[in-house]
Amino acid sequence: MPSFPQPGAVTLCEINRDLITAEELSDDHAKESYGKILGKVFSPISYSVEHLVASDGDVEVPVSGLSKLLKAVSFGPMKSLVGFNDVKLLPHVDLRRLSWNPKKDILAFVMADNQIAIRNYRSSGEGKDPCILMNDLQREIKLLEWRPNAGKTLSVACKGGICIWTASYPGNTACVRPGLNSNSLSRGSGVRWTLVDFLRSHDDEQISALSWSPDGRYLASASYKSSSFTVWDVAQGVGTPIRRGLGGISLLKWSPSGDYFFAAKLDGTFYLWETNTWTSEPWSSTSGSVTGASWDPDGRMILIAFSDSLTLGAIHFAAKPPSLDAHLLPVELPELKSLTNSGGIEKIAWDASGERLAVSFKDGNELCKGLIAIYDVKRATLITPSLIGFIRGPGDDPKPLTFSFHNKYKQGPLLSVCWSSGICSTYPLVIRSQVLA
């Protein structure tokens, strides 16, 4: 039977398909449940939640509320499009306000409208206070993502462009782009951080989607107000627009192999691209807007969630790159509807090994509202998810605002969640507890 946290309990971790709970979050409880296995404890971080209500003009849209006004006309290769580009109805789709460094135990998340918090959980410890990054150019932050294969380099999507931060050390100061003159502040314990570049968007547009190529050379970005997305050669500081009438982009995802690229629009349409010649194939949905998308570890299949459905879509490529021949198969989550009475999915995250899937959902009954469902995933010809149970967050009436996996540990991935109660918590999902850290 799936693990279900009782009201008042908080989840600590998973140990071999069993989700462990306690009366409260504490380092002592964490040490007892998973600390001996991993050799460390991931202490929660408190933050302000005021910035997690986004505004556009006089309209405010809570992060937990997805627009119900989006509908498209078919599911499969697209026959016709529904025009939609009203930025005041921008749904909060997979805004990755939290990101783990792919190689290190360093967590970054959006702490305020113009502030980034960075917490280093390395074994020797840097104290529990996160380092705070601020800059005059860093306005109205929407999301962030670590650069692959680049040590400690972080990209931050802002109003007017993308801030690129890099760690600096005594005697090894980060190289700053010539002409970059701004007031930077990196305060807190640990390493010093430097704003090394600012990639300016066209016409001061708000960057609302980011995705790095797996080799870390290129960074794709988009604004929901633009008719194109941009692929940046970050070393050169040069961006190339990819134009195909793509106004209203809400989500970008580069595949782990680098051969494919996914772009979703606000109106429920989405595109699969091959990156050899940048040719694309359009698709659309009858199940609302795309609220999340995650590639499998090999980059040959992408799992997609929709706002008005509890069924995921898995698009499988039928041939090797650069072929765009693909077919879609439904991935059912029957327990989600029967147990929660929800009407749709808000966000998904799939860990890099493909073994664990996290799903948050809209509404739901009183017992299940605000929980995150955790699935064990088997990958063969078909994707087969098996519900393990649910994670309940700390505080009063907590709801998951953003979450992301860290995949460094041999024992299993870590899932970090920013909750509406103002606490960022990390949950080790220990799959192989016999493996020593």
# chains A, B, ... in the order shown; residues from 1 in each chain; ligands from 1
call {"tool": "residues_around", "arguments": {"residues": "range 234-240 of chain A", "least_positions_apart": "4", "cutoff": "9 Å", "atoms": "only C-alpha atoms", "output": "mmCIF file with N, CA and C atoms, in the first residue's frame"}}
result
data_model
loop_
_atom_site.group_PDB
_atom_site.id
_atom_site.type_symbol
_atom_site.label_atom_id
_atom_site.label_comp_id
_atom_site.auth_asym_id
_atom_site.auth_seq_id
_atom_site.Cartn_x
_atom_site.Cartn_y
_atom_site.Cartn_z
ATOM 1 N N ARG A 177 32.949 39.793 -17.802
ATOM 2 C CA ARG A 177 32.819 40.291 -19.176
ATOM 3 C C ARG A 177 33.179 41.775 -19.234
ATOM 4 N N ASP A 197 28.665 37.895 -16.152
ATOM 5 C CA ASP A 197 28.093 38.254 -17.453
ATOM 6 C C ASP A 197 26.612 38.556 -17.293
ATOM 7 N N PHE A 198 26.093 39.345 -18.224
ATOM 8 C CA PHE A 198 24.659 39.606 -18.307
ATOM 9 C C PHE A 198 24.265 39.541 -19.772
ATOM 10 N N LEU A 199 23.487 38.533 -20.143
ATOM 11 C CA LEU A 199 23.039 38.336 -21.515
ATOM 12 C C LEU A 199 21.731 39.098 -21.691
ATOM 13 N N GLY A 216 27.045 22.274 -21.751
ATOM 14 C CA GLY A 216 27.252 23.556 -21.100
ATOM 15 C C GLY A 216 27.719 24.673 -22.014
ATOM 16 N N ARG A 217 27.763 24.437 -23.320
ATOM 17 C CA ARG A 217 28.223 25.479 -24.232
ATOM 18 C C ARG A 217 27.116 26.463 -24.567
ATOM 19 N N TYR A 218 25.926 25.949 -24.791
ATOM 20 C CA TYR A 218 24.816 26.794 -25.240
ATOM 21 C C TYR A 218 23.733 26.900 -24.166
ATOM 22 N N LEU A 219 23.092 28.062 -24.138
ATOM 23 C CA LEU A 219 21.985 28.314 -23.224
ATOM 24 C C LEU A 219 20.805 28.829 -24.038
ATOM 25 N N ALA A 220 19.685 28.105 -23.975
ATOM 26 C CA ALA A 220 18.467 28.537 -24.668
ATOM 27 C C ALA A 220 17.607 29.340 -23.698
ATOM 28 N N PHE A 229 12.663 32.005 -29.671
ATOM 29 C CA PHE A 229 13.557 31.768 -28.549
ATOM 30 C C PHE A 229 14.981 31.966 -29.034
ATOM 31 N N THR A 230 15.913 32.110 -28.107
ATOM 32 C CA THR A 230 17.296 32.451 -28.433
ATOM 33 C C THR A 230 18.223 31.361 -27.936
#
call {"tool": "residues_around", "arguments": {"residues": "range 388-401 of chain A", "least_positions_apart": "3", "cutoff": "7 Å", "atoms": "only C-alpha atoms", "output": "list in words"}}
result
Pro2, Ser3, Phe4, Pro5, Val10, Thr11, Arg17, Leu19, Val63, Ser64, Gly370, Leu371, Ile372, Ala373, Ile374, Tyr375, Asp376, Val417, Cys418, Trp419, Ser420 and Ser421 of chain A
call {"tool": "residues_around", "arguments": {"residues": "Ile249 in chain A", "least_positions_apart": "3", "cutoff": "7 Å", "atoms": "only C-alpha atoms", "output": "list in words"}}
result
Ala222, Ser223, Tyr224, Leu246, Ala263, Ala264, Lys265 and Leu266 of chain A
call {"tool": "closest_residue", "arguments": {"among": "A:Cys424, A:Ile348, A:Val331, A:Ile37", "to": "Val110 in chain A", "atoms": "only C-alpha atoms"}}
result
A:Cys424
call {"tool": "closest_residue", "arguments": {"among": "A:Asp298, A:Asp308, A:Glu346, A:Glu335", "to": "Thr286 in chain A", "atoms": "only C-alpha atoms"}}
result
A:Asp308
call {"tool": "closest_residue", "arguments": {"among": "A:Cys175, A:Ala117, A:Val191, A:Ala305", "to": "Asp129 in chain A", "atoms": "only C-alpha atoms"}}
result
A:Ala117
call {"tool": "closest_residue", "arguments": {"among": "A:Trp146, A:Phe42, A:Tyr121, A:Trp273", "to": "Leu98 in chain A", "atoms": "only C-alpha atoms"}}
result
A:Trp146
call {"tool": "select_by_dssp", "arguments": {"residues": "range 187-339 of chain A", "states": "strand (DSSP E)", "output": "ChimeraX atom specification"}}
result
/A:187,192-200,209-212,218-222,228-233,238-243,249-254,260-265,270-274,279-284,290-295,301-306,312-317,326-331
call {"tool": "write_last_selection", "arguments": {"atoms": "C-alpha atoms", "output": "CSV table (one decimal), in the first residue's frame"}}
result
chain,number,residue,atom,x,y,z
A,187,ARG,CA,26.8,38.1,1.3
A,192,ARG,CA,32.4,34.5,-2.8
A,193,TRP,CA,30.2,34.8,-5.9
A,194,THR,CA,30.8,37.2,-8.8
A,195,LEU,CA,28.4,38.3,-11.6
A,196,VAL,CA,30.5,37.6,-14.6
A,197,ASP,CA,28.1,38.3,-17.5
A,198,PHE,CA,24.7,39.6,-18.3
A,199,LEU,CA,23.0,38.3,-21.5
A,200,ARG,CA,20.6,41.1,-22.5
A,209,ALA,CA,12.3,30.0,-19.8
A,210,LEU,CA,15.9,28.6,-19.6
A,211,SER,CA,17.6,25.4,-20.6
A,212,TRP,CA,21.4,24.5,-21.0
A,218,TYR,CA,24.8,26.8,-25.2
A,219,LEU,CA,22.0,28.3,-23.2
A,220,ALA,CA,18.5,28.5,-24.7
A,221,SER,CA,16.2,31.3,-23.4
A,222,ALA,CA,12.7,32.6,-24.2
A,228,SER,CA,11.2,33.4,-31.0
A,229,PHE,CA,13.6,31.8,-28.5
A,230,THR,CA,17.3,32.5,-28.4
A,231,VAL,CA,20.3,30.1,-28.3
A,232,TRP,CA,23.3,31.7,-26.7
A,233,ASP,CA,26.9,30.9,-27.2
A,238,VAL,CA,26.2,36.0,-28.7
A,239,GLY,CA,22.6,35.0,-29.1
A,240,THR,CA,20.9,33.5,-32.2
A,241,PRO,CA,17.1,33.8,-32.4
A,242,ILE,CA,15.2,30.8,-33.6
A,243,ARG,CA,12.1,32.1,-35.3
A,249,ILE,CA,6.8,30.2,-24.9
A,250,SER,CA,6.5,28.9,-21.3
A,251,LEU,CA,8.9,26.0,-21.2
A,252,LEU,CA,12.2,24.9,-22.8
A,253,LYS,CA,14.0,21.5,-22.2
A,254,TRP,CA,17.2,20.4,-23.9
A,260,TYR,CA,16.6,17.1,-29.3
A,261,PHE,CA,14.9,20.1,-27.8
A,262,PHE,CA,11.4,20.7,-26.5
A,263,ALA,CA,9.5,24.0,-26.4
A,264,ALA,CA,6.0,24.5,-25.1
A,265,LYS,CA,3.7,27.5,-25.6
A,270,PHE,CA,4.5,22.3,-28.2
A,271,TYR,CA,7.4,21.6,-30.5
A,272,LEU,CA,9.9,18.8,-30.8
A,273,TRP,CA,13.2,20.0,-32.4
A,274,GLU,CA,16.3,18.2,-33.7
A,279,THR,CA,14.0,21.4,-37.8
A,280,SER,CA,10.8,21.0,-35.7
A,281,GLU,CA,7.5,19.1,-35.5
A,282,PRO,CA,4.5,20.8,-33.9
A,283,TRP,CA,2.1,19.0,-31.6
A,284,SER,CA,-0.9,20.2,-29.5
A,290,VAL,CA,1.9,21.8,-20.7
A,291,THR,CA,2.7,22.1,-17.0
A,292,GLY,CA,5.9,20.1,-17.0
A,293,ALA,CA,8.2,18.0,-19.1
A,294,SER,CA,11.1,15.7,-18.3
A,295,TRP,CA,13.4,13.7,-20.5
A,301,MET,CA,11.7,9.9,-24.7
A,302,ILE,CA,10.1,12.9,-23.0
A,303,LEU,CA,7.4,12.7,-20.3
A,304,ILE,CA,4.8,15.5,-20.4
A,305,ALA,CA,2.2,16.7,-17.9
A,306,PHE,CA,-0.9,18.7,-18.8
A,312,LEU,CA,0.9,11.9,-18.6
A,313,GLY,CA,2.0,11.7,-22.2
A,314,ALA,CA,5.2,9.9,-23.2
A,315,ILE,CA,6.6,10.8,-26.6
A,316,HIS,CA,9.0,8.1,-27.9
A,317,PHE,CA,11.3,8.7,-30.9
A,326,ALA,CA,7.7,9.9,-32.9
A,327,HIS,CA,4.6,8.4,-31.3
A,328,LEU,CA,2.8,9.3,-28.1
A,329,LEU,CA,1.7,6.8,-25.4
A,330,PRO,CA,-0.4,7.6,-22.4
A,331,VAL,CA,1.1,7.0,-18.9
call {"tool": "atom_distance", "arguments": {"atom1": "CA of Leu336 in chain A", "atom2": "CA of Lys369 in chain A"}}
result
11.6 Å
call {"tool": "select_by_dssp", "arguments": {"residues": "range 323-404 of chain A", "states": "alpha helix (DSSP H)", "output": "MDAnalysis selection string"}}
result
chainID A and resid 334:340
call {"tool": "residues_around", "arguments": {"residues": "range 341-343 of chain A", "least_positions_apart": "5", "cutoff": "6 Å", "atoms": "only C-alpha atoms", "output": "list in words"}}
result
Lys362, Asp363 and Gly364 of chain A
call {"tool": "write_last_selection", "arguments": {"atoms": "C-alpha atoms", "output": "tab-separated table (two decimals), in the first residue's frame"}}
result
chain	number	residue	atom	x	y	z
A	362	LYS	CA	-4.28	20.70	-8.41
A	363	ASP	CA	-6.83	20.94	-5.64
A	364	GLY	CA	-7.64	17.47	-4.28
call {"tool": "residues_around", "arguments": {"residues": "Asp203 in chain A", "least_positions_apart": "2", "cutoff": "12 Å", "atoms": "only C-alpha atoms", "output": "list in words"}}
result
Lys159, Gly160, Gly161, Arg200, Ser201, Glu205, Gln206, Ile207, Ser223, Lys225 and Ser226 of chain A
call {"tool": "residues_around", "arguments": {"residues": "Arg97 in chain A", "least_positions_apart": "3", "cutoff": "7 Å", "atoms": "only C-alpha atoms", "output": "list in words"}}
result
Phe109, Val110, Lys142, Leu143, Leu144 and Thr402 of chain A
call {"tool": "write_last_selection", "arguments": {"atoms": "N, CA and C atoms", "output": "PDB file, in the first residue's frame"}}
result
ATOM      1  N   PHE A 109      18.142  28.550  -4.867  1.00  0.00           N
ATOM      2  CA  PHE A 109      16.725  28.787  -5.102  1.00  0.00           C
ATOM      3  C   PHE A 109      16.418  30.274  -5.003  1.00  0.00           C
ATOM      4  N   VAL A 110      15.298  30.672  -5.587  1.00  0.00           N
ATOM      5  CA  VAL A 110      14.876  32.064  -5.593  1.00  0.00           C
ATOM      6  C   VAL A 110      14.315  32.393  -4.221  1.00  0.00           C
ATOM      7  N   LYS A 142      12.608  34.872 -12.441  1.00  0.00           N
ATOM      8  CA  LYS A 142      11.602  33.852 -12.746  1.00  0.00           C
ATOM      9  C   LYS A 142      12.109  32.434 -12.495  1.00  0.00           C
ATOM     10  N   LEU A 143      13.369  32.165 -12.821  1.00  0.00           N
ATOM     11  CA  LEU A 143      13.888  30.812 -12.671  1.00  0.00           C
ATOM     12  C   LEU A 143      15.394  30.836 -12.733  1.00  0.00           C
ATOM     13  N   LEU A 144      16.013  29.692 -12.453  1.00  0.00           N
ATOM     14  CA  LEU A 144      17.468  29.588 -12.474  1.00  0.00           C
ATOM     15  C   LEU A 144      17.873  28.173 -12.853  1.00  0.00           C
ATOM     16  N   THR A 402       7.734  24.790  -5.850  1.00  0.00           N
ATOM     17  CA  THR A 402       8.712  24.367  -6.847  1.00  0.00           C
ATOM     18  C   THR A 402       9.521  23.228  -6.251  1.00  0.00           C
TER      19      THR A 402
END
call {"tool": "atom_distance", "arguments": {"atom1": "CA of Asn407 in chain A", "atom2": "CA of Ala352 in chain A"}}
result
6.2 Å
call {"tool": "closest_residue", "arguments": {"among": "A:Ser404, A:Ser255, A:Ser323, A:Thr277", "to": "Leu357 in chain A", "atoms": "only C-alpha atoms"}}
result
A:Ser404
